[in-house]
file input18.tsv (TSV, C-alpha atoms)
chain	number	residue	atom	x	y	z
S	1	MET	CA	12.45	30.13	19.15
S	2	TYR	CA	9.50	29.19	21.34
S	3	THR	CA	10.21	28.81	25.06
S	4	LEU	CA	8.51	25.84	26.69
S	5	LEU	CA	5.86	26.65	29.26
S	6	PRO	CA	6.53	25.69	32.89
S	7	GLN	CA	5.44	22.21	33.95
S	8	ILE	CA	2.03	21.95	35.58
S	9	ARG	CA	1.38	19.64	38.51
S	10	THR	CA	-2.31	18.98	37.86
S	11	PRO	CA	-2.72	15.50	36.32
S	12	ILE	CA	-4.29	15.41	32.87
S	13	ASN	CA	-7.63	13.69	32.52
S	14	PRO	CA	-7.00	10.64	30.29
S	15	GLY	CA	-10.52	10.92	28.87
S	16	ALA	CA	-10.04	14.49	27.63
S	17	SER	CA	-10.11	15.48	23.99
S	18	PRO	CA	-6.69	14.78	22.41
S	19	PHE	CA	-6.47	18.32	21.01
S	20	ASN	CA	-7.91	20.32	23.85
S	21	ALA	CA	-6.74	19.72	27.43
S	22	ASN	CA	-4.14	17.19	26.34
S	23	PRO	CA	-2.66	17.99	22.91
S	24	SER	CA	-0.25	15.06	23.10
S	25	ALA	CA	-2.77	12.27	23.77
S	26	PRO	CA	-2.65	9.45	21.22
S	27	ARG	CA	-5.50	9.06	18.72
S	28	VAL	CA	-4.40	5.78	17.14
S	29	PRO	CA	-4.52	2.48	19.09
S	30	PRO	CA	-0.90	1.57	19.90
S	31	GLN	CA	-1.11	-1.82	18.17
S	32	PHE	CA	-1.38	-0.02	14.84
S	33	LEU	CA	1.60	2.29	15.36
S	34	ARG	CA	4.91	1.63	13.62
S	35	GLN	CA	8.19	3.58	13.46
S	36	ALA	CA	10.55	4.50	10.65
S	37	VAL	CA	13.81	6.46	10.60
S	38	PHE	CA	15.04	8.56	7.67
S	39	ALA	CA	17.90	10.97	7.00
S	40	GLY	CA	17.84	13.42	4.12
S	41	GLY	CA	19.83	16.59	4.65
S	42	SER	CA	18.40	19.05	7.19
S	43	PHE	CA	16.03	17.40	9.64
S	44	TRP	CA	13.91	20.57	9.86
S	45	ALA	CA	12.60	20.27	6.30
S	46	LEU	CA	12.43	16.47	6.43
S	47	GLU	CA	10.30	16.51	9.58
S	48	ALA	CA	7.90	19.05	8.06
S	49	ALA	CA	7.57	17.03	4.85
S	50	TYR	CA	6.53	13.89	6.71
S	51	GLY	CA	4.18	15.90	8.89
S	52	ARG	CA	2.09	16.48	5.75
S	53	VAL	CA	1.74	12.78	4.96
S	54	ASN	CA	-1.60	11.14	5.68
S	55	GLY	CA	-1.14	8.35	8.20
S	56	VAL	CA	1.86	9.94	9.91
S	57	VAL	CA	0.87	10.83	13.48
S	58	LYS	CA	4.14	11.86	15.13
S	59	THR	CA	7.58	13.04	14.11
S	60	ALA	CA	10.78	13.75	16.00
S	61	THR	CA	14.15	15.14	15.01
S	62	GLY	CA	17.32	13.52	16.26
S	63	TYR	CA	20.69	11.96	15.58
S	64	CYS	CA	21.32	8.48	14.24
S	65	GLY	CA	24.10	6.18	13.13
S	66	GLY	CA	26.95	7.19	15.39
S	67	SER	CA	28.80	5.75	18.37
S	68	THR	CA	28.69	8.62	20.87
S	69	GLN	CA	25.96	8.51	23.51
S	70	LYS	CA	23.55	11.46	23.59
S	71	PRO	CA	25.39	13.71	21.13
S	72	THR	CA	24.57	17.40	20.87
S	73	TYR	CA	23.86	19.32	17.69
S	74	ARG	CA	27.16	21.14	18.04
S	75	GLU	CA	29.07	17.87	18.40
S	76	ILE	CA	27.62	16.27	15.30
S	77	CYS	CA	28.22	19.45	13.27
S	78	GLU	CA	31.86	19.41	14.33
S	79	GLY	CA	32.12	15.79	13.14
S	80	GLY	CA	33.67	12.80	14.80
S	81	THR	CA	30.56	11.30	16.39
S	82	GLY	CA	29.44	9.45	13.27
S	83	HIS	CA	25.86	10.71	13.58
S	84	THR	CA	23.66	12.29	10.96
S	85	GLU	CA	20.61	14.48	11.33
S	86	ALA	CA	17.59	12.19	11.08
S	87	ILE	CA	13.91	11.99	11.89
S	88	LYS	CA	11.76	9.33	13.50
S	89	VAL	CA	8.31	8.91	11.99
S	90	VAL	CA	5.47	7.22	13.86
S	91	TYR	CA	2.71	6.12	11.52
S	92	ASP	CA	-0.61	4.29	11.45
S	93	CYS	CA	0.03	1.10	9.48
S	94	ARG	CA	-3.66	0.95	8.56
S	95	GLU	CA	-3.34	4.23	6.69
S	96	ILE	CA	0.09	4.01	5.08
S	97	SER	CA	2.72	1.32	4.55
S	98	TYR	CA	6.45	1.43	5.19
S	99	GLY	CA	7.04	1.13	1.46
S	100	SER	CA	4.87	4.17	0.79
S	101	LEU	CA	6.83	6.17	3.36
S	102	CYS	CA	9.98	5.24	1.45
S	103	ASP	CA	8.34	6.43	-1.78
S	104	VAL	CA	7.65	9.79	-0.09
S	105	PHE	CA	11.30	9.97	0.99
S	106	TRP	CA	12.59	10.58	-2.55
S	107	GLU	CA	10.38	13.66	-2.86
S	108	THR	CA	11.69	15.31	0.30
S	109	HIS	CA	15.23	16.03	-0.90
S	110	ASP	CA	17.64	15.37	-3.77
S	111	PRO	CA	18.87	11.78	-3.22
S	112	THR	CA	21.43	12.18	-6.04
S	113	LYS	CA	23.27	15.04	-4.34
S	114	LYS	CA	26.97	14.20	-4.42
S	115	ASP	CA	27.67	16.13	-1.22
S	116	PHE	CA	26.09	13.25	0.70
S	117	LEU	CA	29.03	11.09	-0.38
S	118	ASP	CA	31.25	13.29	1.81
S	119	PHE	CA	29.40	12.29	4.97
S	120	GLY	CA	31.89	12.06	7.81
S	121	LEU	CA	34.43	14.17	5.94
S	122	SER	CA	33.02	17.61	5.13
S	123	THR	CA	29.37	17.17	6.16
S	124	HIS	CA	27.23	15.55	8.85
S	125	HIS	CA	24.30	15.32	6.45
S	126	ARG	CA	23.56	12.14	4.58
S	127	SER	CA	20.74	10.50	2.67
S	128	ALA	CA	19.79	7.22	4.31
S	129	ILE	CA	16.90	4.92	5.13
S	130	PHE	CA	17.39	3.02	8.39
S	131	TYR	CA	15.50	-0.27	8.47
S	132	SER	CA	14.63	-2.42	11.49
S	133	THR	CA	13.54	-5.67	9.82
S	134	GLU	CA	14.37	-7.66	6.71
S	135	GLU	CA	10.94	-6.86	5.29
S	136	GLU	CA	11.61	-3.14	5.71
S	137	ARG	CA	14.95	-3.55	3.96
S	138	LYS	CA	13.25	-5.21	1.00
S	139	GLN	CA	10.60	-2.50	0.78
S	140	ALA	CA	13.19	0.27	1.00
S	141	GLN	CA	15.36	-1.37	-1.66
S	142	GLY	CA	12.36	-1.87	-3.93
S	143	SER	CA	11.37	1.75	-3.54
S	144	LYS	CA	14.92	2.88	-4.33
S	145	ILE	CA	15.01	0.76	-7.49
S	146	ARG	CA	11.69	2.16	-8.69
S	147	ARG	CA	12.92	5.71	-8.11
S	148	GLN	CA	16.28	5.08	-9.78
S	149	MET	CA	14.52	3.89	-12.93
S	150	ARG	CA	12.95	7.36	-13.25
S	151	LEU	CA	16.23	9.26	-12.90
S	152	ASN	CA	19.28	9.72	-15.10
S	153	ARG	CA	21.58	10.35	-12.13
S	154	ARG	CA	22.70	7.81	-9.56
S	155	ILE	CA	20.93	7.81	-6.22
S	156	VAL	CA	23.51	7.97	-3.41
S	157	THR	CA	21.08	7.10	-0.60
S	158	LYS	CA	22.27	4.34	1.74
S	159	ILE	CA	19.88	1.69	3.05
S	160	LEU	CA	21.26	0.77	6.45
S	161	PRO	CA	20.26	-1.35	9.46
S	162	LEU	CA	19.14	0.64	12.48
S	163	GLU	CA	21.84	-0.70	14.77
S	164	THR	CA	22.28	2.27	17.07
S	165	GLU	CA	19.93	4.27	19.25
S	166	PHE	CA	18.03	7.24	17.84
S	167	PHE	CA	18.94	10.17	20.08
S	168	MET	CA	16.39	12.98	20.36
S	169	ALA	CA	17.58	16.41	19.26
S	170	GLU	CA	17.44	19.49	21.48
S	171	ASN	CA	14.05	21.17	21.83
S	172	GLU	CA	14.73	24.02	19.42
S	173	HIS	CA	15.09	21.54	16.55
S	174	HIS	CA	11.65	19.94	16.98
S	175	LYS	CA	8.74	21.32	14.92
S	176	TYR	CA	11.06	24.08	13.70
S	177	TYR	CA	8.50	25.87	11.53
S	178	LEU	CA	5.78	25.73	14.17
S	179	GLN	CA	8.13	27.17	16.79
S	180	LYS	CA	8.49	30.33	14.71
S	181	HIS	CA	4.89	31.11	15.64
S	182	HIS	CA	5.24	31.72	19.36
S	183	ARG	CA	1.62	32.54	20.13
S	184	LEU	CA	0.34	29.50	18.27
S	185	CYS	CA	2.76	27.30	20.20
S	186	GLY	CA	1.59	28.81	23.46
S	187	SER	CA	-2.06	28.26	22.58
S	188	LEU	CA	-1.42	24.53	22.21
S	189	GLY	CA	-0.48	24.31	25.89
S	190	LEU	CA	2.48	21.99	25.33
S	191	ARG	CA	4.62	22.03	28.46
S	192	SER	CA	7.55	19.73	27.79
S	193	THR	CA	9.75	18.62	24.92
S	194	GLU	CA	8.18	15.17	25.15
S	195	GLN	CA	4.67	16.56	24.72
S	196	PHE	CA	5.86	18.72	21.85
S	197	VAL	CA	7.23	15.63	20.09
S	198	GLU	CA	4.24	13.41	20.91
S	199	SER	CA	1.55	15.81	19.69
S	200	GLU	CA	-0.05	14.84	16.39
S	201	LEU	CA	-1.47	18.33	16.09
S	202	ALA	CA	1.99	19.89	16.40
S	203	CYS	CA	3.22	17.42	13.77
S	204	LYS	CA	0.53	18.46	11.31
S	205	LEU	CA	0.78	22.20	11.96
S	206	ASN	CA	4.55	22.08	11.52
S	207	GLY	CA	4.03	20.31	8.21
S	208	ALA	CA	1.68	23.02	7.00
S	209	LEU	CA	3.86	25.90	8.16
S	210	GLY	CA	6.91	24.35	6.49
S	211	MET	CA	5.32	24.60	3.03
S	212	ASP	CA	5.95	27.26	0.40
S	213	THR	CA	4.32	30.52	1.48
S	214	GLY	CA	1.63	30.36	-1.20
S	215	MET	CA	0.42	26.96	0.03
S	216	ILE	CA	0.36	27.50	3.81
S	217	ALA	CA	-3.04	29.21	4.09
S	218	ASN	CA	-4.86	26.52	2.14
S	219	HIS	CA	-3.27	23.69	4.11
S	220	LEU	CA	-4.01	25.37	7.45
S	221	SER	CA	-7.64	25.80	6.41
S	222	ILE	CA	-7.87	22.08	5.71
S	223	LEU	CA	-6.37	21.22	9.11
S	224	LEU	CA	-8.91	23.46	10.86
S	225	LYS	CA	-11.68	21.35	9.33
S	226	ILE	CA	-10.10	18.03	10.27
S	227	TYR	CA	-8.73	18.59	13.79
S	228	GLU	CA	-10.24	19.86	17.01
S	229	LEU	CA	-8.00	22.74	18.03
S	230	PRO	CA	-8.17	24.74	21.25
S	231	ASN	CA	-10.13	27.96	20.66
S	232	GLN	CA	-7.09	30.20	21.00
S	233	ALA	CA	-5.15	28.03	18.54
S	234	LYS	CA	-7.98	28.39	16.03
S	235	LEU	CA	-7.79	32.16	16.37
S	236	GLU	CA	-4.03	32.12	15.88
S	237	CYS	CA	-4.37	29.96	12.75
S	238	ASP	CA	-7.08	32.26	11.38
S	239	GLU	CA	-4.76	35.23	11.92
S	240	ILE	CA	-1.93	33.50	10.05
S	241	ILE	CA	-4.28	32.65	7.18
S	242	GLN	CA	-5.57	36.24	7.01
S	243	HIS	CA	-2.05	37.67	7.09
S	244	LEU	CA	-0.93	35.41	4.25
S	245	SER	CA	-4.03	36.25	2.23
S	246	GLU	CA	-3.25	39.96	2.48
S	247	ASP	CA	0.32	39.59	1.23
call {"tool": "encode", "arguments": {"input": "input18.tsv", "output": "structure tokens"}}
result
Amino acid sequence: MYTLLPQIRTPINPGASPFNANPSAPRVPPQFLRQAVFAGGSFWALEAAYGRVNGVVKTATGYCGGSTQKPTYREICEGGTGHTEAIKVVYDCREISYGSLCDVFWETHDPTKKDFLDFGLSTHHRSAIFYSTEEERKQAQGSKIRRQMRLNRRIVTKILPLETEFFMAENEHHKYYLQKHHRLCGSLGLRSTEQFVESELACKLNGALGMDTGMIANHLSILLKIYELPNQAKLECDEIIQHLSED
């Protein structure tokens, strides 16, 4: 996986372009940012899926629902901590609602998978929506009901209060599909796990690179038109697109 670059001591100019000198700078005024937490099997695929959603500006992988403080990936896989793999989504409430994010959730994995019922016994994976307010609970429940009416199998997803802290996963689990492209990661100039998590550009690129192979080139081309990438990152994306087009 990608190795983080060493920290630099030169302060970043707060007025710089958000996708040039400072790839992690926010683009959305903070008063319009909201958070949501979901669990649906592997957090690698779930994070990538939400990275493709319009209105989502940041994603992070982590652990939720347990009692142990700062669990590691190995500890939750071994069981006993009560945590599940989960993702935190930061979104622009002007662009997308919490209810719409819940509607997306059902498309990211199979919410009827019976293996999720064995959470805490034979698996650390579960299907769950963690709500923070009563309004979020109502929206999540309404979304679940609408989805259930379209299926002939019972949805096993739990809708649970977010009562415990969301613990960030280790660096190698963030933007998993983007990290496979070492040179592209390097061209973004991200120098800490925090910056890697906070970058909207990393969020969107990871979403594109996590798609089926036949769809990656088209999605990357769209991102190149929407976002201001560093010149080297543009070249790396063009090379990926060309390579996929030749296959």
call {"tool": "atom_distance", "arguments": {"input": "input18.tsv", "atom1": "atom CA of S:Ser127", "atom2": "atom CA of S:Gly142"}}
result
16.3 Å
call {"tool": "residues_around", "arguments": {"input": "input18.tsv", "residues": "stretch 74-84 of chain S", "least_positions_apart": "3", "cutoff": "10 Å", "atoms": "all atoms listed in the file", "output": "ChimeraX atom specification"}}
result
/S:38-43,62-71,87,119-128,164,166-167
call {"tool": "residues_around", "arguments": {"input": "input18.tsv", "residues": "S:Asp103", "least_positions_apart": "3", "cutoff": "8 Å", "atoms": "all atoms listed in the file", "output": "list in words"}}
result
Gly99, Ser100, Trp106, Glu107, Ser143, Lys144 and Arg147 of chain S
call {"tool": "write_last_selection", "arguments": {"input": "input18.tsv", "atoms": "C-alpha atoms", "output": "compact mmCIF listing (two decimals), keeping the file's coordinate frame"}}
result
# COMPACT_ATOMS: atom_id res chain seq x y z
CA GLY S 99 7.04 1.13 1.46
CA SER S 100 4.87 4.17 0.79
CA TRP S 106 12.59 10.58 -2.55
CA GLU S 107 10.38 13.66 -2.86
CA SER S 143 11.37 1.75 -3.54
CA LYS S 144 14.92 2.88 -4.33
CA ARG S 147 12.92 5.71 -8.11
call {"tool": "closest_residue", "arguments": {"input": "input18.tsv", "among": "S:Glu172, S:Asp115, S:Glu246, S:Glu95", "to": "S:Ile155", "atoms": "all atoms listed in the file"}}
result
S:Asp115
call {"tool": "atom_distance", "arguments": {"input": "input18.tsv", "atom1": "atom CA of S:Glu136", "atom2": "atom CA of S:Phe196"}}
result
27.8 Å
call {"tool": "residues_around", "arguments": {"input": "input18.tsv", "residues": "S:Asn171", "least_positions_apart": "4", "cutoff": "9 Å", "atoms": "only C-alpha atoms", "output": "PyMOL selection string"}}
result
chain S and resi 4+175+192-193+196-197
call {"tool": "residues_around", "arguments": {"input": "input18.tsv", "residues": "S:Cys93", "least_positions_apart": "6", "cutoff": "8 Å", "atoms": "all atoms listed in the file", "output": "PyMOL selection string"}}
result
chain S and resi 32-34+55
call {"tool": "decode", "arguments": {"input": "input18.tsv", "residues": "stretch 156-169 of chain S", "atoms": "all heavy atoms", "output": "mmCIF file, in the first residue's frame"}}
result
data_model
loop_
_atom_site.group_PDB
_atom_site.id
_atom_site.type_symbol
_atom_site.label_atom_id
_atom_site.label_comp_id
_atom_site.auth_asym_id
_atom_site.auth_seq_id
_atom_site.Cartn_x
_atom_site.Cartn_y
_atom_site.Cartn_z
ATOM 1 N N VAL S 156 -31.976 -7.517 7.095
ATOM 2 C CA VAL S 156 -31.473 -7.782 8.445
ATOM 3 C C VAL S 156 -30.724 -6.578 9.025
ATOM 4 O O VAL S 156 -30.190 -6.655 10.135
ATOM 5 C CB VAL S 156 -30.552 -9.023 8.455
ATOM 6 C CG1 VAL S 156 -31.315 -10.256 7.992
ATOM 7 C CG2 VAL S 156 -29.311 -8.796 7.586
ATOM 8 N N THR S 157 -30.697 -5.491 8.306
ATOM 9 C CA THR S 157 -30.008 -4.276 8.748
ATOM 10 C C THR S 157 -30.592 -3.755 10.058
ATOM 11 O O THR S 157 -31.810 -3.671 10.221
ATOM 12 C CB THR S 157 -30.133 -3.179 7.675
ATOM 13 O OG1 THR S 157 -29.579 -3.660 6.449
ATOM 14 C CG2 THR S 157 -29.414 -1.906 8.103
ATOM 15 N N LYS S 158 -29.711 -3.398 10.980
ATOM 16 C CA LYS S 158 -30.117 -2.793 12.247
ATOM 17 C C LYS S 158 -30.036 -1.268 12.145
ATOM 18 O O LYS S 158 -29.111 -0.730 11.538
ATOM 19 C CB LYS S 158 -29.220 -3.277 13.393
ATOM 20 C CG LYS S 158 -29.189 -4.782 13.590
ATOM 21 C CD LYS S 158 -30.531 -5.312 14.068
ATOM 22 C CE LYS S 158 -30.448 -6.804 14.371
ATOM 23 N NZ LYS S 158 -31.754 -7.350 14.813
ATOM 24 N N ILE S 159 -30.989 -0.592 12.719
ATOM 25 C CA ILE S 159 -30.952 0.868 12.829
ATOM 26 C C ILE S 159 -30.698 1.185 14.291
ATOM 27 O O ILE S 159 -31.556 0.942 15.149
ATOM 28 C CB ILE S 159 -32.258 1.500 12.317
ATOM 29 C CG1 ILE S 159 -32.440 1.161 10.832
ATOM 30 C CG2 ILE S 159 -32.249 3.008 12.526
ATOM 31 C CD1 ILE S 159 -33.725 1.664 10.233
ATOM 32 N N LEU S 160 -29.510 1.704 14.579
ATOM 33 C CA LEU S 160 -29.031 1.798 15.954
ATOM 34 C C LEU S 160 -28.602 3.224 16.308
ATOM 35 O O LEU S 160 -28.106 3.961 15.447
ATOM 36 C CB LEU S 160 -27.824 0.866 16.148
ATOM 37 C CG LEU S 160 -28.034 -0.610 15.800
ATOM 38 C CD1 LEU S 160 -26.691 -1.332 15.778
ATOM 39 C CD2 LEU S 160 -28.977 -1.248 16.797
ATOM 40 N N PRO S 161 -28.746 3.605 17.574
ATOM 41 C CA PRO S 161 -28.244 4.921 17.996
ATOM 42 C C PRO S 161 -26.717 4.919 18.021
ATOM 43 O O PRO S 161 -26.091 3.911 18.362
ATOM 44 C CB PRO S 161 -28.815 5.074 19.403
ATOM 45 C CG PRO S 161 -29.024 3.670 19.888
ATOM 46 C CD PRO S 161 -29.409 2.872 18.668
ATOM 47 N N LEU S 162 -26.132 6.029 17.628
ATOM 48 C CA LEU S 162 -24.680 6.159 17.654
ATOM 49 C C LEU S 162 -24.279 6.558 19.071
ATOM 50 O O LEU S 162 -24.133 7.736 19.392
ATOM 51 C CB LEU S 162 -24.223 7.208 16.641
ATOM 52 C CG LEU S 162 -22.714 7.393 16.472
ATOM 53 C CD1 LEU S 162 -22.055 6.105 16.017
ATOM 54 C CD2 LEU S 162 -22.423 8.521 15.490
ATOM 55 N N GLU S 163 -24.108 5.558 19.906
ATOM 56 C CA GLU S 163 -23.863 5.790 21.333
ATOM 57 C C GLU S 163 -22.393 5.711 21.708
ATOM 58 O O GLU S 163 -22.011 6.073 22.821
ATOM 59 C CB GLU S 163 -24.655 4.777 22.156
ATOM 60 C CG GLU S 163 -26.166 4.915 21.991
ATOM 61 C CD GLU S 163 -26.935 3.863 22.756
ATOM 62 O OE1 GLU S 163 -26.408 2.736 22.922
ATOM 63 O OE2 GLU S 163 -28.065 4.151 23.187
ATOM 64 N N THR S 164 -21.573 5.208 20.806
ATOM 65 C CA THR S 164 -20.152 5.071 21.101
ATOM 66 C C THR S 164 -19.342 5.870 20.084
ATOM 67 O O THR S 164 -19.842 6.265 19.036
ATOM 68 C CB THR S 164 -19.705 3.600 21.050
ATOM 69 O OG1 THR S 164 -19.958 3.069 19.737
ATOM 70 C CG2 THR S 164 -20.457 2.779 22.082
ATOM 71 N N GLU S 165 -18.099 6.077 20.401
ATOM 72 C CA GLU S 165 -17.222 6.851 19.524
ATOM 73 C C GLU S 165 -16.891 6.074 18.252
ATOM 74 O O GLU S 165 -16.772 4.850 18.259
ATOM 75 C CB GLU S 165 -15.924 7.178 20.273
ATOM 76 C CG GLU S 165 -14.965 8.062 19.505
ATOM 77 C CD GLU S 165 -13.748 8.432 20.332
ATOM 78 O OE1 GLU S 165 -13.743 8.154 21.551
ATOM 79 O OE2 GLU S 165 -12.793 8.989 19.754
ATOM 80 N N PHE S 166 -16.772 6.806 17.150
ATOM 81 C CA PHE S 166 -16.297 6.223 15.893
ATOM 82 C C PHE S 166 -14.777 6.313 15.904
ATOM 83 O O PHE S 166 -14.212 7.398 15.929
ATOM 84 C CB PHE S 166 -16.869 7.001 14.704
ATOM 85 C CG PHE S 166 -16.404 6.518 13.358
ATOM 86 C CD1 PHE S 166 -17.142 5.576 12.648
ATOM 87 C CD2 PHE S 166 -15.234 7.008 12.784
ATOM 88 C CE1 PHE S 166 -16.723 5.133 11.401
ATOM 89 C CE2 PHE S 166 -14.807 6.577 11.545
ATOM 90 C CZ PHE S 166 -15.557 5.637 10.854
ATOM 91 N N PHE S 167 -14.116 5.153 15.912
ATOM 92 C CA PHE S 167 -12.656 5.129 15.964
ATOM 93 C C PHE S 167 -12.093 4.953 14.555
ATOM 94 O O PHE S 167 -12.472 4.038 13.832
ATOM 95 C CB PHE S 167 -12.163 3.988 16.859
ATOM 96 C CG PHE S 167 -12.489 4.190 18.305
ATOM 97 C CD1 PHE S 167 -13.557 3.528 18.886
ATOM 98 C CD2 PHE S 167 -11.740 5.062 19.083
ATOM 99 C CE1 PHE S 167 -13.874 3.716 20.221
ATOM 100 C CE2 PHE S 167 -12.042 5.254 20.426
ATOM 101 C CZ PHE S 167 -13.108 4.586 20.987
ATOM 102 N N MET S 168 -11.183 5.848 14.176
ATOM 103 C CA MET S 168 -10.591 5.824 12.855
ATOM 104 C C MET S 168 -9.761 4.558 12.661
ATOM 105 O O MET S 168 -9.037 4.121 13.553
ATOM 106 C CB MET S 168 -9.707 7.048 12.661
ATOM 107 C CG MET S 168 -9.584 7.499 11.231
ATOM 108 S SD MET S 168 -11.058 8.366 10.666
ATOM 109 C CE MET S 168 -10.849 9.929 11.494
ATOM 110 N N ALA S 169 -9.868 3.965 11.477
ATOM 111 C CA ALA S 169 -9.082 2.784 11.149
ATOM 112 C C ALA S 169 -7.632 3.169 10.856
ATOM 113 O O ALA S 169 -7.304 4.353 10.697
ATOM 114 C CB ALA S 169 -9.690 2.075 9.944
#
